[in-house]
Each structure stands twice: as structure tokens, then as C-alpha cells.
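Engineer: Please read through the structure below; I'll follow up with questions.
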Amino acid sequence: MITRDAQLAATVSGERVRDEFLAILAMPGARDHLGLLDRLGLLTTLFPELGAAKGVVQPREHYWDVFQHLLETASAVERVIRRDDTDAVAREVPWSDGLALHFAEVVSDGYDRAALLKLAALFHDVAKPETKAVDESGRTRFLGHPTRGATTVRDVLERLRMSRRGIDMVCTMVEDHMRPTQMSQGGDMPTRRAIYRYFRDVKDVAIDTLYLCLADYLAARGPLLALDDWQRHVRIVRYILETGLEEAPDKGKKWVVNGHDLMQVLSIGPGPFLGEVLDAVHEAQAAGEVGSREDALAWASRYINEERRSRRKTCEEGSLEPPYS
């Protein structure tokens, strides 16, 4: 009877679907719950955006097609955000009481970060079907799928009347879910500058997105997961996490200069350029390029002079307004 009348679920209010679906995601056993919803015809009725992912084959690094990968990623979230010393895979994941409290924080519509992380996991590759292309070498690519996916997810969550904060959190996770792996090239650890930029840009869900990256990796390899490859991946994520938290100002990091210093010593007026210079100095400090107030002011002075020369040249070529004062 449920299968026969599944299409009627499309007539239910967005708020009701939101509350019922998030309640399902909040429970353990996401793979079974989502699989049952799919077999009954309810999942793609409620979220037709997911239907296009069925049967979309991925490169050989992926064990499942896009649709099953999405379900598996939501399930893998449960594996990476709980302590289970009996599981050799989960045992590698960085964990602490502080992280447990982080994911237990209620953030949207009465639900915690863990539930929203599963929601982001379910939709993180939703735009792969529409962005799939095969290049001249025969390699399958999904260029731009994180950004396109974030747009799709925003439409879905607005349909569900989710809170503004919840929508922004999930969309940011979807848009930036590949960024942690892109920060590391050739197996090297990401630079402190790249980590600073990541935490600056991803903000409230920087930690959550790292764990989405872990779940995504597990779901991509599936039963073919190699423990040594997994350990290397976790090592990079752990380094990003620990370095980023160490540099965060609210975690004890003290900036050696502030906006007032720049205005007073370097005679910069208030405005967008001041914010740009200050952020550049903070980034340099996070990267270890400056260590004292004097170093930072000297670095900022050089940055300002270089920017003014560059902008003056561009202005003379007619493609930019005069340089900021």
C-alpha cells in the first residue's frame, strides 16, 4: 500500500517532511532507513533530485554508482563521528570529548550537527549526473558539481522550510566537501596558509566538512577500502583539523596586529582595503611568515606598496578604479 501510494508523499507540507526526515536521519542505521525509503518509492518522491543519480557510473576509484554512494556516505558519517575501538577503520579517526560535544550541538530546527552532516552527505554529489562528462582521454569528470550541488541543495532545503542557519550549513558542506583533499598535493601535508584559508572560508562547518570528507572517502572505496590508504587520508585530515584549531583566534591564537594598528602606523583609512590588508597579514602570521608586531607591520607595508603598484598599473590600462588610499 505504501509503494502504491508513495506519490502522495509529494503533497505533504515541507515542514512535515523536514521534521519526519530529519528524525529518521537522527537515528542510527541510516543505510537501512534510506534503503527502505527508496524501496518503497518514497525517497525519490520526496527528493526527485536524487532520482537522476541512479545508475550514474563513476570512475574506478568509486565502488558504487552515484545514488548508492550518496546513501553509503550518509551511513559512513555514523562510522566517523563515534568512538568504536573495535572497528579498525573508525579507530583511526581523530576523536575527543570536545568533538563529541561539537556534533551534539543543536543547530537547526531542533536537530544537531550530526543529523545535518548526514543530510549534507546524502546530497553532497547530487549534481554529478548533470555535470558528468568524458574528456578526450576517456576520463570521467564531474567539473563544478560541488557548486552546482550547493545550489540544488538550497532549493531542496528551502522547499522543506529549514532554518536559514541550517540551509547555510548544509550548502557550505556540499560546496566545500572536496576542498580538504584538494589542499594536499602529491601526498604532502597542506600548507598552514591553505589551512588558514580553509577555516576562514568554511567557518562554522569547517570541522563538519572534514568529517564529511572522511565519510565520502569510505563510501567511495566501499568494501575495497585499503587500510593503509585510509590511514594516509586520515593523517591529512587530522593535520588540517589540529592545525586549524590551533590557529583559531577563539582557541587561544593571538593576532600580533589588528585593524587599529594598521590605521595608526601605516595610515590606512577604514574601508574594504583595510580589511583586505588585515586578512592578508593574519594569513601570513598563520603561515609562519611573521611572528611579531614589527614583522607584521613591515610585511603589511610591503603588501600595501605592491598592491598599490599593481592596481595603479591596472587602472592606467583602464580596467580598474583608482587604487585604494
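Identifiers in the C-alpha cells: chain A, B, ... in order shown; residue index from 1 per chain; ligand index from 1 in order shown.
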Quick one: everything within 7 Å of range 273-280 of chain A, counting only C-alpha atoms, minus sequence neighbours fewer than 4 positions away in the same chain. Send it as a short mmCIF file (atom, residue, chain, number, x, y, z; two decimals) with N, CA and C atoms, in the first residue's frame.
Structural biologist:
data_model
loop_
_atom_site.label_atom_id
_atom_site.label_comp_id
_atom_site.auth_asym_id
_atom_site.auth_seq_id
_atom_site.Cartn_x
_atom_site.Cartn_y
_atom_site.Cartn_z
N ASN A 258 46.19 44.40 14.73
CA ASN A 258 44.77 44.49 14.43
C ASN A 258 44.54 45.68 13.49
N GLY A 259 43.29 45.92 13.16
CA GLY A 259 42.98 46.99 12.24
C GLY A 259 43.41 48.36 12.74
N ILE A 268 46.34 53.80 6.97
CA ILE A 268 45.30 53.25 6.09
C ILE A 268 43.94 53.69 6.64
N GLY A 269 43.11 54.21 5.77
CA GLY A 269 41.78 54.61 6.20
C GLY A 269 40.85 53.41 6.30
N ALA A 284 49.42 35.59 6.72
CA ALA A 284 50.88 35.47 6.78
C ALA A 284 51.34 34.99 8.15
N ALA A 300 52.99 44.08 6.15
CA ALA A 300 51.81 44.80 5.66
C ALA A 300 52.21 45.98 4.79
N TYR A 324 42.99 52.05 -3.88
CA TYR A 324 42.53 52.49 -2.58
C TYR A 324 43.61 53.34 -1.92
#
Engineer: Taking only residues of range 226-305 of chain A that have an atom at most 8 Å from an atom of range 91-95 of chain A, what is each one's shortest atom pair and its distance in Å to one decimal, using only C-alpha atoms, in chain and number order, as JSON lines?
Structural biologist:
{"residue": "A:Gln231", "atom": "CA", "partner": "A:Glu92", "partner_atom": "CA", "distance": 6.7}
{"residue": "A:Val234", "atom": "CA", "partner": "A:Val93", "partner_atom": "CA", "distance": 6.4}
{"residue": "A:Arg238", "atom": "CA", "partner": "A:Pro94", "partner_atom": "CA", "distance": 6.3}
Engineer: Write to file, as a PDB file, in the first residue's frame, the residues of the selection just made, with N, CA and C atoms.
Structural biologist:
ATOM      1  N   GLN A 231      44.562   5.235   6.241  1.00  0.00           N
ATOM      2  CA  GLN A 231      45.398   5.857   7.271  1.00  0.00           C
ATOM      3  C   GLN A 231      46.081   7.112   6.742  1.00  0.00           C
ATOM      4  N   VAL A 234      43.384   9.837   6.542  1.00  0.00           N
ATOM      5  CA  VAL A 234      43.040  10.325   7.884  1.00  0.00           C
ATOM      6  C   VAL A 234      44.162  11.202   8.431  1.00  0.00           C
ATOM      7  N   ARG A 238      43.530  14.813   9.897  1.00  0.00           N
ATOM      8  CA  ARG A 238      43.902  15.108  11.283  1.00  0.00           C
ATOM      9  C   ARG A 238      44.814  16.336  11.351  1.00  0.00           C
TER      10      ARG A 238
END
Engineer: Would you please give, as an NGL selection string, all residues of range 172-246 of chain A that DSSP assigns to helix (DSSP H, G or I) based on the backbone?
Structural biologist: :A and (172-175 or 179-182 or 192-224 or 227-246)
Engineer: DSSP on the backbone: what in range 39-275 of chain A comes out strand (DSSP E or B), as a PyMOL selection string?
Structural biologist: chain A and resi 106-108+111-112+133-134+140-141
Engineer: Please provide the set of residues having any atom within 10 Å of Ser184 in chain A, restricted to only C-alpha atoms, with same-chain residues fewer than 5 positions apart removed, written as number ranges by chain.
Structural biologist: A: 179, 189-191, 194, 233, 236-237, 240
Engineer: Give me a file of those residues, with C-alpha atoms, as a PDB file, in the first residue's frame.
Structural biologist:
ATOM      1  CA  ARG A 179      38.378  21.103  -0.502  1.00  0.00           C
ATOM      2  CA  MET A 189      50.594  17.938   4.018  1.00  0.00           C
ATOM      3  CA  PRO A 190      48.620  21.125   3.270  1.00  0.00           C
ATOM      4  CA  THR A 191      50.402  24.383   3.972  1.00  0.00           C
ATOM      5  CA  ALA A 194      45.906  26.772   2.921  1.00  0.00           C
ATOM      6  CA  HIS A 233      43.894  10.057   4.187  1.00  0.00           C
ATOM      7  CA  ILE A 236      45.974  14.573   6.301  1.00  0.00           C
ATOM      8  CA  VAL A 237      42.537  15.329   7.743  1.00  0.00           C
ATOM      9  CA  ILE A 240      44.172  20.034   8.938  1.00  0.00           C
TER      10      ILE A 240
END
